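Peer 1: Take a look at the following structure, please.
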Amino acid sequence: MSTENLHLKKLNDLEKRNELAMRGGGESKLAKHKQGGRLTARERLDVLLDPGSFVEMDRFVTHRCTNFEMEKTVTPGDGVITGYGRVNGKLVYVSSQDFTVIGGSMSRTQANKICKVMDLAIKNGAPFISINDSGGARIQEGIESLGGYADIFSRNTLASGVIPQITAIMGPCAGGAVYSPSITDFVFMVKNSSYMFVTGPDVIKAVTHEEVTKEDLGGAATHSQKSGVAHFATEDDKHCLLMIRELLNFLPANNLDDAPLLPNNDKADRLVDGINKIIPDNPKKPYDMLSVITECVDEGYFLEIHKHYAQNIVVGFARFNGRPVGIVGNQPQILAGCLNIEASRKAARFIRFCDAFNIPVVSFVDVPGFLPGRDQEWNGIITHGAKLLYAYAEATVPKITVITRKAYGGAYIVMGSKLLRSDVNLAYPSAEIAVMGAEGAVNIICREAINKAKDPAAERARLIADYEEKFNNPYVSAELGYTDEVIDPAMTRKRIIESLEMLKNKRDVLPPKKHGNIPL
(Lines give C-alpha, C1' and ligand atoms only; values in the text may rest on other atoms or scores of the structure.)
Protein backbone atom coordinates (compact mmCIF):
# COMPACT_ATOMS: atom_id res chain seq x y z
CA MET A 1 0.00 0.00 0.00
CA SER A 2 1.37 3.38 -1.01
CA THR A 3 2.08 6.09 1.53
CA GLU A 4 -0.75 8.19 0.10
CA ASN A 5 -3.28 5.36 0.39
CA LEU A 6 -2.14 4.57 3.92
CA HIS A 7 -2.64 8.22 4.82
CA LEU A 8 -6.16 8.21 3.33
CA LYS A 9 -6.99 5.02 5.19
CA LYS A 10 -5.99 6.60 8.49
CA LEU A 11 -8.03 9.71 7.74
CA ASN A 12 -11.04 7.54 6.89
CA ASP A 13 -10.58 5.67 10.14
CA LEU A 14 -10.49 8.99 12.04
CA GLU A 15 -13.65 10.14 10.28
CA LYS A 16 -15.49 6.92 11.21
CA ARG A 17 -14.41 7.23 14.83
CA ASN A 18 -15.58 10.85 14.93
CA GLU A 19 -18.93 9.88 13.43
CA LEU A 20 -19.37 7.15 16.02
CA ALA A 21 -18.60 9.57 18.85
CA MET A 22 -21.02 12.13 17.42
CA ARG A 23 -23.87 9.60 17.45
CA GLY A 24 -23.81 9.33 21.26
CA GLY A 25 -26.20 6.59 22.34
CA GLY A 26 -27.50 6.08 18.81
CA GLU A 27 -30.09 7.64 16.54
CA SER A 28 -33.12 6.10 18.27
CA LYS A 29 -32.07 7.30 21.71
CA LEU A 30 -31.18 10.76 20.40
CA ALA A 31 -34.59 11.04 18.73
CA LYS A 32 -36.35 10.01 21.95
CA HIS A 33 -34.27 12.48 23.95
CA LYS A 34 -35.28 15.35 21.68
CA GLN A 35 -39.00 14.79 22.26
CA GLY A 36 -40.59 17.75 23.99
CA GLY A 37 -38.10 20.23 22.58
CA ARG A 38 -35.05 19.06 24.54
CA LEU A 39 -31.62 19.52 22.98
CA THR A 40 -28.90 16.90 22.76
CA ALA A 41 -25.65 17.28 24.71
CA ARG A 42 -23.86 18.60 21.63
CA GLU A 43 -26.70 20.90 20.57
CA ARG A 44 -26.60 22.47 24.03
CA LEU A 45 -22.96 23.38 23.55
CA ASP A 46 -23.79 24.82 20.13
CA VAL A 47 -26.29 27.21 21.76
CA LEU A 48 -24.09 28.06 24.74
CA LEU A 49 -20.82 28.77 22.94
CA ASP A 50 -19.87 31.22 20.22
CA PRO A 51 -20.22 29.60 16.76
CA GLY A 52 -17.19 27.53 15.78
CA SER A 53 -15.36 28.14 19.05
CA PHE A 54 -15.76 24.73 20.72
CA VAL A 55 -12.71 22.49 20.95
CA GLU A 56 -13.52 19.01 22.25
CA MET A 57 -11.16 17.04 24.47
CA ASP A 58 -11.11 13.29 25.22
CA ARG A 59 -13.62 12.47 22.49
CA PHE A 60 -12.46 8.88 22.20
CA VAL A 61 -12.09 8.05 25.89
CA THR A 62 -14.07 4.97 26.99
CA HIS A 63 -14.80 3.29 30.29
CA ARG A 64 -12.82 0.24 31.42
CA CYS A 65 -15.47 -1.52 33.48
CA THR A 66 -16.05 -5.23 32.86
CA ASN A 67 -18.56 -5.87 35.64
CA PHE A 68 -22.05 -7.05 34.57
CA GLU A 69 -20.86 -7.38 30.93
CA MET A 70 -20.24 -3.61 30.71
CA GLU A 71 -17.47 -4.28 28.17
CA LYS A 72 -20.31 -4.85 25.66
CA THR A 73 -21.57 -1.31 26.24
CA VAL A 74 -18.75 0.99 25.18
CA THR A 75 -19.32 4.41 23.57
CA PRO A 76 -16.59 6.92 22.66
CA GLY A 77 -16.68 9.80 25.15
CA ASP A 78 -18.49 7.70 27.76
CA GLY A 79 -21.50 9.94 28.20
CA VAL A 80 -19.96 13.37 28.66
CA ILE A 81 -18.62 15.94 26.20
CA THR A 82 -15.81 18.10 27.56
CA GLY A 83 -13.61 20.87 26.20
CA TYR A 84 -13.38 24.63 25.90
CA GLY A 85 -14.83 27.43 23.84
CA ARG A 86 -15.88 31.03 24.07
CA VAL A 87 -18.93 32.95 25.25
CA ASN A 88 -19.08 36.47 23.84
CA GLY A 89 -15.38 36.07 23.10
CA LYS A 90 -14.51 35.00 26.66
CA LEU A 91 -12.74 31.68 27.25
CA VAL A 92 -14.80 29.10 29.17
CA TYR A 93 -14.41 25.42 29.95
CA VAL A 94 -17.41 23.12 29.66
CA SER A 95 -18.78 19.66 30.30
CA SER A 96 -22.09 18.40 28.93
CA GLN A 97 -23.52 15.05 30.01
CA ASP A 98 -25.19 12.90 27.37
CA PHE A 99 -28.22 11.08 28.79
CA THR A 100 -28.42 8.86 25.70
CA VAL A 101 -25.22 7.07 26.78
CA ILE A 102 -25.96 4.80 29.75
CA GLY A 103 -28.28 7.48 31.15
CA GLY A 104 -25.40 9.95 31.39
CA SER A 105 -24.33 8.02 34.49
CA MET A 106 -21.15 9.06 36.26
CA SER A 107 -18.28 6.65 35.71
CA ARG A 108 -14.68 6.86 36.81
CA THR A 109 -13.78 7.72 33.22
CA GLN A 110 -16.44 10.41 32.94
CA ALA A 111 -15.24 11.99 36.19
CA ASN A 112 -11.66 11.99 34.91
CA LYS A 113 -12.76 13.89 31.80
CA ILE A 114 -14.62 16.48 33.83
CA CYS A 115 -11.75 16.88 36.31
CA LYS A 116 -9.30 17.45 33.45
CA VAL A 117 -11.18 20.50 32.12
CA MET A 118 -11.84 21.78 35.64
CA ASP A 119 -8.09 21.70 36.32
CA LEU A 120 -7.47 23.61 33.11
CA ALA A 121 -10.13 26.16 34.04
CA ILE A 122 -8.49 26.80 37.41
CA LYS A 123 -4.96 27.00 35.95
CA ASN A 124 -6.02 29.35 33.15
CA GLY A 125 -8.42 31.47 35.19
CA ALA A 126 -11.57 30.88 33.14
CA PRO A 127 -15.19 30.10 34.11
CA PHE A 128 -16.34 26.48 34.25
CA ILE A 129 -19.84 25.58 33.07
CA SER A 130 -21.30 22.15 33.80
CA ILE A 131 -24.40 20.89 31.98
CA ASN A 132 -25.88 18.08 34.08
CA ASP A 133 -28.18 15.43 32.63
CA SER A 134 -27.50 12.18 34.44
CA GLY A 135 -29.21 9.33 36.22
CA GLY A 136 -26.53 9.42 38.92
CA ALA A 137 -23.59 7.18 39.75
CA ARG A 138 -22.91 4.23 37.43
CA ILE A 139 -23.91 1.42 39.76
CA GLN A 140 -22.00 -1.21 37.79
CA GLU A 141 -18.73 0.46 38.78
CA GLY A 142 -19.51 0.52 42.47
CA ILE A 143 -17.41 2.79 44.67
CA GLU A 144 -15.21 3.89 41.75
CA SER A 145 -18.02 6.09 40.48
CA LEU A 146 -18.43 7.58 43.96
CA GLY A 147 -14.72 8.36 43.98
CA GLY A 148 -15.25 10.24 40.73
CA TYR A 149 -17.90 12.42 42.34
CA ALA A 150 -15.57 13.13 45.27
CA ASP A 151 -12.83 14.31 42.90
CA ILE A 152 -15.27 16.72 41.25
CA PHE A 153 -16.50 18.02 44.62
CA SER A 154 -12.92 18.68 45.72
CA ARG A 155 -12.24 20.72 42.60
CA ASN A 156 -15.50 22.63 42.99
CA THR A 157 -14.37 23.59 46.48
CA LEU A 158 -10.84 24.59 45.47
CA ALA A 159 -12.17 26.60 42.53
CA SER A 160 -14.74 28.42 44.69
CA GLY A 161 -13.92 32.12 44.75
CA VAL A 162 -11.20 31.60 42.13
CA ILE A 163 -13.24 31.16 38.94
CA PRO A 164 -16.99 31.53 38.37
CA GLN A 165 -18.69 28.12 38.37
CA ILE A 166 -22.11 27.72 36.74
CA THR A 167 -24.30 24.62 36.61
CA ALA A 168 -27.20 23.97 34.26
CA ILE A 169 -29.51 21.17 35.41
CA MET A 170 -31.06 19.96 32.15
CA GLY A 171 -32.40 16.57 33.19
CA PRO A 172 -32.34 14.38 36.28
CA CYS A 173 -29.77 15.08 38.99
CA ALA A 174 -29.99 12.78 41.99
CA GLY A 175 -28.00 11.43 44.91
CA GLY A 176 -24.35 12.42 44.96
CA ALA A 177 -24.79 14.36 41.71
CA VAL A 178 -26.60 17.21 43.49
CA TYR A 179 -23.66 18.30 45.63
CA SER A 180 -21.44 19.61 42.87
CA PRO A 181 -24.17 22.03 41.66
CA SER A 182 -24.81 23.24 45.21
CA ILE A 183 -21.13 24.22 45.60
CA THR A 184 -21.10 26.18 42.35
CA ASP A 185 -22.00 29.86 42.20
CA PHE A 186 -25.16 29.77 40.10
CA VAL A 187 -27.61 26.95 39.36
CA PHE A 188 -29.98 27.03 36.39
CA MET A 189 -32.91 24.63 36.01
CA VAL A 190 -35.39 23.98 33.20
CA LYS A 191 -39.10 23.90 33.99
CA ASN A 192 -40.79 20.50 33.66
CA SER A 193 -37.66 18.66 32.50
CA SER A 194 -35.01 18.99 35.20
CA TYR A 195 -35.00 17.60 38.74
CA MET A 196 -32.71 17.63 41.77
CA PHE A 197 -33.08 15.52 44.89
CA VAL A 198 -30.88 13.57 47.27
CA THR A 199 -33.40 10.71 47.30
CA GLY A 200 -36.06 10.21 44.66
CA PRO A 201 -39.81 9.61 45.02
CA ASP A 202 -39.51 5.82 44.95
CA VAL A 203 -37.01 5.73 47.83
CA ILE A 204 -39.06 8.22 49.84
CA LYS A 205 -42.18 6.10 49.38
CA ALA A 206 -40.34 2.95 50.47
CA VAL A 207 -38.80 4.55 53.56
CA THR A 208 -41.39 7.06 54.77
CA HIS A 209 -44.50 5.91 52.82
CA GLU A 210 -44.85 9.49 51.57
CA GLU A 211 -45.98 9.88 47.97
CA VAL A 212 -44.56 12.82 46.05
CA THR A 213 -43.97 13.55 42.37
CA LYS A 214 -40.55 14.33 40.92
CA GLU A 215 -41.72 17.83 40.04
CA ASP A 216 -43.02 18.60 43.51
CA LEU A 217 -40.03 17.03 45.22
CA GLY A 218 -37.25 18.60 43.19
CA GLY A 219 -38.46 20.40 40.09
CA ALA A 220 -37.41 23.84 38.90
CA ALA A 221 -40.34 25.55 40.63
CA THR A 222 -39.60 23.83 43.94
CA HIS A 223 -35.91 24.72 43.98
CA SER A 224 -36.30 28.26 42.65
CA GLN A 225 -39.16 29.17 45.03
CA LYS A 226 -38.94 27.01 48.16
CA SER A 227 -35.44 25.66 48.76
CA GLY A 228 -33.45 28.37 47.00
CA VAL A 229 -31.11 25.75 45.50
CA ALA A 230 -31.75 27.08 41.97
CA HIS A 231 -31.08 30.70 41.04
CA PHE A 232 -32.93 30.57 37.72
CA ALA A 233 -35.95 28.58 36.49
CA THR A 234 -35.95 28.78 32.70
CA GLU A 235 -38.58 27.94 30.11
CA ASP A 236 -36.64 25.43 27.99
CA ASP A 237 -33.12 24.27 27.13
CA LYS A 238 -32.36 27.15 24.77
CA HIS A 239 -33.62 29.78 27.20
CA CYS A 240 -31.46 28.28 29.93
CA LEU A 241 -28.28 28.40 27.85
CA LEU A 242 -28.92 31.93 26.58
CA MET A 243 -29.44 33.10 30.17
CA ILE A 244 -26.04 31.67 31.10
CA ARG A 245 -24.51 33.69 28.27
CA GLU A 246 -26.25 36.78 29.63
CA LEU A 247 -25.02 36.17 33.17
CA LEU A 248 -21.42 35.78 31.99
CA ASN A 249 -21.58 39.32 30.55
CA PHE A 250 -21.47 40.64 34.13
CA LEU A 251 -18.72 38.38 35.47
CA PRO A 252 -14.92 38.54 35.35
CA ALA A 253 -12.99 35.51 34.14
CA ASN A 254 -11.46 34.95 37.57
CA ASN A 255 -10.82 36.51 40.97
CA LEU A 256 -7.83 38.53 39.75
CA ASP A 257 -9.68 40.21 36.88
CA ASP A 258 -12.13 43.07 36.93
CA ALA A 259 -15.67 42.58 35.65
CA PRO A 260 -16.06 43.58 31.99
CA LEU A 261 -16.65 47.28 31.32
CA LEU A 262 -19.04 47.67 28.39
CA PRO A 263 -19.81 50.69 26.18
CA ASN A 264 -22.73 52.69 27.52
CA ASN A 265 -25.00 55.34 26.02
CA ASP A 266 -26.85 56.20 29.23
CA LYS A 267 -25.64 59.54 30.61
CA ALA A 268 -23.76 59.33 33.90
CA ASP A 269 -25.35 62.55 35.18
CA ARG A 270 -28.90 61.58 34.20
CA LEU A 271 -31.39 62.71 36.84
CA VAL A 272 -33.86 60.07 38.03
CA ASP A 273 -36.85 62.23 38.96
CA GLY A 274 -39.13 59.21 38.73
CA ILE A 275 -37.96 57.97 42.14
CA ASN A 276 -39.76 60.86 43.83
CA LYS A 277 -43.00 59.50 42.36
CA ILE A 278 -42.25 55.86 43.25
CA ILE A 279 -41.72 56.24 47.01
CA PRO A 280 -45.02 57.26 48.67
CA ASP A 281 -45.28 59.97 51.32
CA ASN A 282 -47.06 57.56 53.64
CA PRO A 283 -44.28 55.49 55.28
CA LYS A 284 -46.67 52.57 55.77
CA LYS A 285 -47.51 52.29 52.10
CA PRO A 286 -45.51 49.74 50.06
CA TYR A 287 -43.75 50.38 46.76
CA ASP A 288 -41.67 48.33 44.33
CA MET A 289 -37.93 48.56 45.02
CA LEU A 290 -37.31 47.08 41.57
CA SER A 291 -38.73 50.29 40.11
CA VAL A 292 -36.21 52.33 42.10
CA ILE A 293 -33.37 50.11 40.92
CA THR A 294 -34.31 50.11 37.23
CA GLU A 295 -34.78 53.88 37.35
CA CYS A 296 -31.12 54.29 38.35
CA VAL A 297 -29.13 51.68 36.44
CA ASP A 298 -27.84 51.84 32.88
CA GLU A 299 -30.71 51.67 30.38
CA GLY A 300 -33.01 50.33 33.11
CA TYR A 301 -31.60 46.80 32.78
CA PHE A 302 -31.37 44.64 35.90
CA LEU A 303 -30.57 40.92 35.79
CA GLU A 304 -32.36 39.60 38.88
CA ILE A 305 -30.91 36.56 40.64
CA HIS A 306 -33.07 34.24 42.77
CA LYS A 307 -36.12 36.09 41.50
CA HIS A 308 -38.71 33.71 42.96
CA TYR A 309 -37.01 32.93 46.27
CA ALA A 310 -37.13 35.13 49.42
CA GLN A 311 -38.81 37.90 47.48
CA ASN A 312 -38.62 40.30 50.44
CA ILE A 313 -35.08 40.99 49.27
CA VAL A 314 -33.88 41.62 45.72
CA VAL A 315 -30.42 40.73 44.40
CA GLY A 316 -28.92 40.86 40.94
CA PHE A 317 -26.55 42.51 38.51
CA ALA A 318 -26.74 45.82 36.68
CA ARG A 319 -24.36 48.45 35.34
CA PHE A 320 -23.58 52.01 36.27
CA ASN A 321 -21.80 53.90 33.48
CA GLY A 322 -20.91 50.54 31.90
CA ARG A 323 -19.42 49.07 35.08
CA PRO A 324 -21.06 45.91 36.52
CA VAL A 325 -22.28 46.04 40.11
CA GLY A 326 -24.12 43.68 42.40
CA ILE A 327 -27.32 45.15 43.78
CA VAL A 328 -29.07 44.23 47.03
CA GLY A 329 -32.40 45.83 47.91
CA ASN A 330 -35.14 45.30 50.47
CA GLN A 331 -38.55 44.82 48.84
CA PRO A 332 -41.29 46.74 50.74
CA GLN A 333 -43.97 44.91 48.73
CA ILE A 334 -43.16 41.58 50.42
CA LEU A 335 -43.28 41.27 54.23
CA ALA A 336 -42.76 45.06 54.33
CA GLY A 337 -39.13 44.39 53.39
CA CYS A 338 -38.34 42.62 56.68
CA LEU A 339 -35.29 40.41 56.83
CA ASN A 340 -35.97 36.75 57.55
CA ILE A 341 -33.93 33.55 57.36
CA GLU A 342 -34.32 33.02 53.62
CA ALA A 343 -33.61 36.65 52.72
CA SER A 344 -30.51 36.74 54.91
CA ARG A 345 -29.09 33.60 53.31
CA LYS A 346 -29.92 34.76 49.81
CA ALA A 347 -28.30 38.16 50.17
CA ALA A 348 -25.27 36.92 52.12
CA ARG A 349 -24.33 34.36 49.46
CA PHE A 350 -24.73 36.95 46.71
CA ILE A 351 -22.61 39.55 48.50
CA ARG A 352 -19.84 37.02 49.11
CA PHE A 353 -19.84 36.11 45.41
CA CYS A 354 -19.52 39.77 44.44
CA ASP A 355 -16.71 40.27 46.93
CA ALA A 356 -14.83 37.21 45.67
CA PHE A 357 -14.94 38.49 42.09
CA ASN A 358 -14.27 42.21 42.56
CA ILE A 359 -17.82 43.36 41.81
CA PRO A 360 -18.90 46.47 43.79
CA VAL A 361 -22.02 46.13 45.94
CA VAL A 362 -24.77 48.78 45.87
CA SER A 363 -27.51 48.42 48.50
CA PHE A 364 -30.95 50.03 48.49
CA VAL A 365 -32.30 49.93 52.03
CA ASP A 366 -35.88 50.04 53.29
CA VAL A 367 -35.98 47.61 56.21
CA PRO A 368 -38.21 47.86 59.29
CA GLY A 369 -36.38 45.04 61.07
CA PHE A 370 -36.07 41.27 61.29
CA LEU A 371 -39.24 39.26 60.90
CA PRO A 372 -40.52 38.33 64.38
CA GLY A 373 -41.98 34.96 65.30
CA ARG A 374 -41.37 31.63 66.94
CA ASP A 375 -40.61 29.83 63.69
CA GLN A 376 -37.93 32.35 62.82
CA GLU A 377 -36.28 32.04 66.23
CA TRP A 378 -36.52 28.25 66.37
CA ASN A 379 -35.02 27.93 62.89
CA GLY A 380 -32.07 30.16 63.69
CA ILE A 381 -32.76 33.70 62.50
CA ILE A 382 -29.94 34.80 64.81
CA THR A 383 -27.39 32.66 62.98
CA HIS A 384 -28.79 33.29 59.51
CA GLY A 385 -29.08 37.02 60.07
CA ALA A 386 -25.47 37.01 61.22
CA LYS A 387 -24.50 35.55 57.84
CA LEU A 388 -25.67 38.74 56.16
CA LEU A 389 -23.90 40.89 58.73
CA TYR A 390 -20.73 38.84 58.25
CA ALA A 391 -20.90 39.11 54.45
CA TYR A 392 -21.20 42.90 54.47
CA ALA A 393 -18.49 43.35 57.11
CA GLU A 394 -16.09 40.96 55.39
CA ALA A 395 -16.46 42.37 51.87
CA THR A 396 -13.57 44.55 50.70
CA VAL A 397 -15.04 45.63 47.35
CA PRO A 398 -16.51 49.14 47.01
CA LYS A 399 -19.75 49.26 49.02
CA ILE A 400 -22.34 51.97 48.51
CA THR A 401 -25.57 52.11 50.51
CA VAL A 402 -28.67 54.20 49.75
CA ILE A 403 -31.34 54.39 52.48
CA THR A 404 -34.61 55.14 50.76
CA ARG A 405 -36.97 54.96 53.74
CA LYS A 406 -36.96 52.77 56.88
CA ALA A 407 -33.71 51.57 58.47
CA TYR A 408 -34.49 50.37 61.96
CA GLY A 409 -32.52 48.62 64.69
CA GLY A 410 -30.24 45.69 64.01
CA ALA A 411 -31.53 45.44 60.45
CA TYR A 412 -30.18 48.96 59.80
CA ILE A 413 -26.73 47.83 60.94
CA VAL A 414 -26.86 44.61 58.93
CA MET A 415 -27.85 46.24 55.62
CA GLY A 416 -24.50 47.74 54.66
CA SER A 417 -24.30 50.41 57.35
CA LYS A 418 -21.28 52.67 57.77
CA LEU A 419 -20.31 50.71 60.84
CA LEU A 420 -19.92 47.56 58.74
CA ARG A 421 -17.22 49.29 56.69
CA SER A 422 -19.43 50.60 53.93
CA ASP A 423 -17.59 53.26 51.89
CA VAL A 424 -20.35 55.66 50.91
CA ASN A 425 -23.71 55.92 52.69
CA LEU A 426 -26.42 58.08 51.20
CA ALA A 427 -29.96 58.73 52.42
CA TYR A 428 -33.09 60.31 51.02
CA PRO A 429 -34.93 62.99 53.01
CA SER A 430 -37.64 60.35 53.51
CA ALA A 431 -35.18 58.07 55.36
CA GLU A 432 -36.10 57.01 58.89
CA ILE A 433 -32.93 55.86 60.63
CA ALA A 434 -33.62 54.87 64.22
CA VAL A 435 -33.56 52.08 66.78
CA MET A 436 -37.19 51.35 65.97
CA GLY A 437 -40.35 52.96 64.64
CA ALA A 438 -41.87 55.85 66.55
CA GLU A 439 -44.94 53.94 67.76
CA GLY A 440 -42.93 51.08 69.19
CA ALA A 441 -40.40 53.39 70.79
CA VAL A 442 -43.05 55.57 72.48
CA ASN A 443 -44.89 52.50 73.77
CA ILE A 444 -41.71 51.42 75.54
CA ILE A 445 -40.07 54.60 76.79
CA CYS A 446 -43.18 56.72 77.43
CA ARG A 447 -45.59 54.12 78.81
CA GLU A 448 -45.79 55.70 82.27
CA ALA A 449 -46.31 59.22 80.94
CA ILE A 450 -49.10 58.04 78.63
CA ASN A 451 -50.87 56.17 81.45
CA LYS A 452 -50.77 59.25 83.72
CA ALA A 453 -52.08 61.65 81.06
CA LYS A 454 -55.65 62.94 81.19
CA ASP A 455 -56.08 61.93 77.55
CA PRO A 456 -53.75 58.94 76.96
CA ALA A 457 -54.58 58.68 73.24
CA ALA A 458 -53.82 62.35 72.58
CA GLU A 459 -50.65 62.21 74.67
CA ARG A 460 -49.50 59.10 72.82
CA ALA A 461 -50.12 60.78 69.44
CA ARG A 462 -48.19 63.87 70.58
CA LEU A 463 -45.24 61.82 71.78
CA ILE A 464 -45.15 59.80 68.56
CA ALA A 465 -45.09 62.98 66.49
CA ASP A 466 -42.34 64.40 68.70
CA TYR A 467 -40.27 61.20 68.39
CA GLU A 468 -40.67 61.18 64.60
CA GLU A 469 -39.50 64.77 64.36
CA LYS A 470 -36.47 64.17 66.57
CA PHE A 471 -35.32 60.72 65.50
CA ASN A 472 -37.12 59.32 62.43
CA ASN A 473 -35.10 61.27 59.90
CA PRO A 474 -31.67 60.98 58.28
CA TYR A 475 -30.14 64.01 59.95
CA VAL A 476 -29.21 62.51 63.33
CA SER A 477 -27.24 59.86 61.42
CA ALA A 478 -25.72 62.55 59.20
CA GLU A 479 -24.66 64.58 62.26
CA LEU A 480 -22.85 61.50 63.60
CA GLY A 481 -21.12 60.81 60.28
CA TYR A 482 -22.95 57.50 59.80
CA THR A 483 -24.59 58.98 56.70
CA ASP A 484 -22.26 60.78 54.31
CA GLU A 485 -24.89 62.79 52.47
CA VAL A 486 -28.64 63.34 52.38
CA ILE A 487 -29.58 63.66 48.72
CA ASP A 488 -32.49 64.44 46.48
CA PRO A 489 -33.57 61.02 45.11
CA ALA A 490 -33.22 62.44 41.59
CA MET A 491 -29.44 62.58 42.19
CA THR A 492 -29.16 58.85 43.01
CA ARG A 493 -27.67 57.66 39.73
CA LYS A 494 -25.21 60.55 39.54
CA ARG A 495 -24.00 60.08 43.14
CA ILE A 496 -23.59 56.31 42.78
CA ILE A 497 -21.54 56.69 39.60
CA GLU A 498 -19.39 59.40 41.18
CA SER A 499 -18.83 57.14 44.20
CA LEU A 500 -17.91 54.14 42.05
CA GLU A 501 -15.42 56.26 40.13
CA MET A 502 -13.93 57.55 43.38
CA LEU A 503 -13.64 54.00 44.74
CA LYS A 504 -12.36 52.25 41.61
CA ASN A 505 -8.83 51.91 43.02
CA LYS A 506 -9.95 50.92 46.52
CA ARG A 507 -7.59 48.57 48.34
CA ASP A 508 -8.64 46.94 51.59
CA VAL A 509 -6.91 44.01 53.25
CA LEU A 510 -8.36 41.66 55.86
CA PRO A 511 -6.23 40.54 58.82
CA PRO A 512 -4.01 37.54 57.95
CA LYS A 513 -5.84 34.27 58.55
CA LYS A 514 -6.53 30.92 56.94
CA HIS A 515 -10.22 31.79 56.63
CA GLY A 516 -12.98 33.22 58.77
CA ASN A 517 -15.58 31.09 60.54
CA ILE A 518 -18.83 32.40 59.07
CA PRO A 519 -21.86 31.37 61.16
CA LEU A 520 -23.36 28.34 59.43
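Please note that chains go A, B, ... in the order of the C-alpha coordinates, that every chain numbers its residues from 1, and that ligands are numbered from 1 in the order shown.
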Based on the backbone DSSP call, show me all residues of stretch 167-354 of chain A assigned helix (DSSP H, G or I), as a VMD selection string.
Peer 2: chain A and resid 175 to 183 201 to 208 214 to 218 220 to 227 237 to 248 275 to 278 289 to 296 298 to 300 335 to 337 341 to 354
Peer 1: I want to know what sits within 9 Å of stretch 276-283 of chain A, based on only C-alpha atoms, with residues of the same chain fewer than 3 positions away left out; could you give that as a VMD selection string?
Peer 2: chain A and resid 272 to 273 286 to 289 291 to 292 404 to 406 430 488 to 490
Peer 1: Compare A:Val367, A:Phe186, A:Ile114, A:Lys191 by their minimum atom-to-atom distance to A:Phe153, counting only C-alpha atoms, and give me the closest one.
Peer 2: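 Of all the options, A:Ile114 lies closest to A:Phe153.
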Peer 1: A:Ile464: which residues within 10 Å, counting only C-alpha atoms, same-chain residues fewer than 5 positions away excluded, as a PyMOL selection string?
Peer 2: chain A and resi 437-443+446+458-459+469-470
Peer 1: To one decimal in Å, tell me the separation between atom CA of A:Tyr475 and atom CA of A:Ser344.
Peer 2: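 The value is 27.7 Å.
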Peer 1: Please build the interface table for stretch 386-423 of chain A against stretch 316-337 of chain A with a cut-off of 12 Å, listing for each qualifying residue the nearest atom pair and the distance in Å to one decimal; count only C-alpha atoms, order rows by chain and increasing number, and write it as CSV.
Peer 2:
residue,atom,partner,partner_atom,distance
A:Leu388,CA,A:Val328,CA,11.2
A:Tyr392,CA,A:Val328,CA,10.9
A:Val397,CA,A:Val325,CA,10.2
A:Pro398,CA,A:Val325,CA,9.5
A:Lys399,CA,A:Gly326,CA,9.7
A:Ile400,CA,A:Ile327,CA,9.7
A:Thr401,CA,A:Val328,CA,9.3
A:Val402,CA,A:Gly329,CA,9.3
A:Ile403,CA,A:Gly329,CA,9.8
A:Thr404,CA,A:Asn330,CA,9.9
A:Arg405,CA,A:Pro332,CA,9.8
A:Lys406,CA,A:Gly337,CA,9.3
A:Ala407,CA,A:Asn330,CA,10.3
A:Tyr408,CA,A:Gly337,CA,11.4
A:Ala411,CA,A:Gly337,CA,10.4
A:Tyr412,CA,A:Asn330,CA,11.2
A:Val414,CA,A:Asn330,CA,11.9
A:Met415,CA,A:Val328,CA,8.9
A:Gly416,CA,A:Val328,CA,9.6
Peer 1: Which is closest to A:Ser180 among A:Leu290, A:Ala391, A:Val207, A:Ile152, if we use only C-alpha atoms?
Peer 2: A:Ile152
Peer 1: Considering only C-alpha atoms, can you say which of A:Asp78, A:Ala253, A:Glu235, A:Gly103 comes closest to A:Arg64?
Peer 2: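 Of the candidates, the smallest distance to A:Arg64 is held by A:Asp78.
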Peer 1: Let me make sure I understand: among A:Tyr93, A:Gln140, A:His33, A:Arg270, which one has the smallest atom-to-atom distance to A:Met70 if we use only C-alpha atoms?
Peer 2: A:Gln140
Peer 1: Any idea what's packed within 12 Å of A:Pro172, counting only C-alpha atoms, ignoring anything in its chain fewer than 6 positions away? Could you give it as a PyMOL selection string?
Peer 2: chain A and resi 97-99+103-105+131-137+178+189-200+214-215+218-220
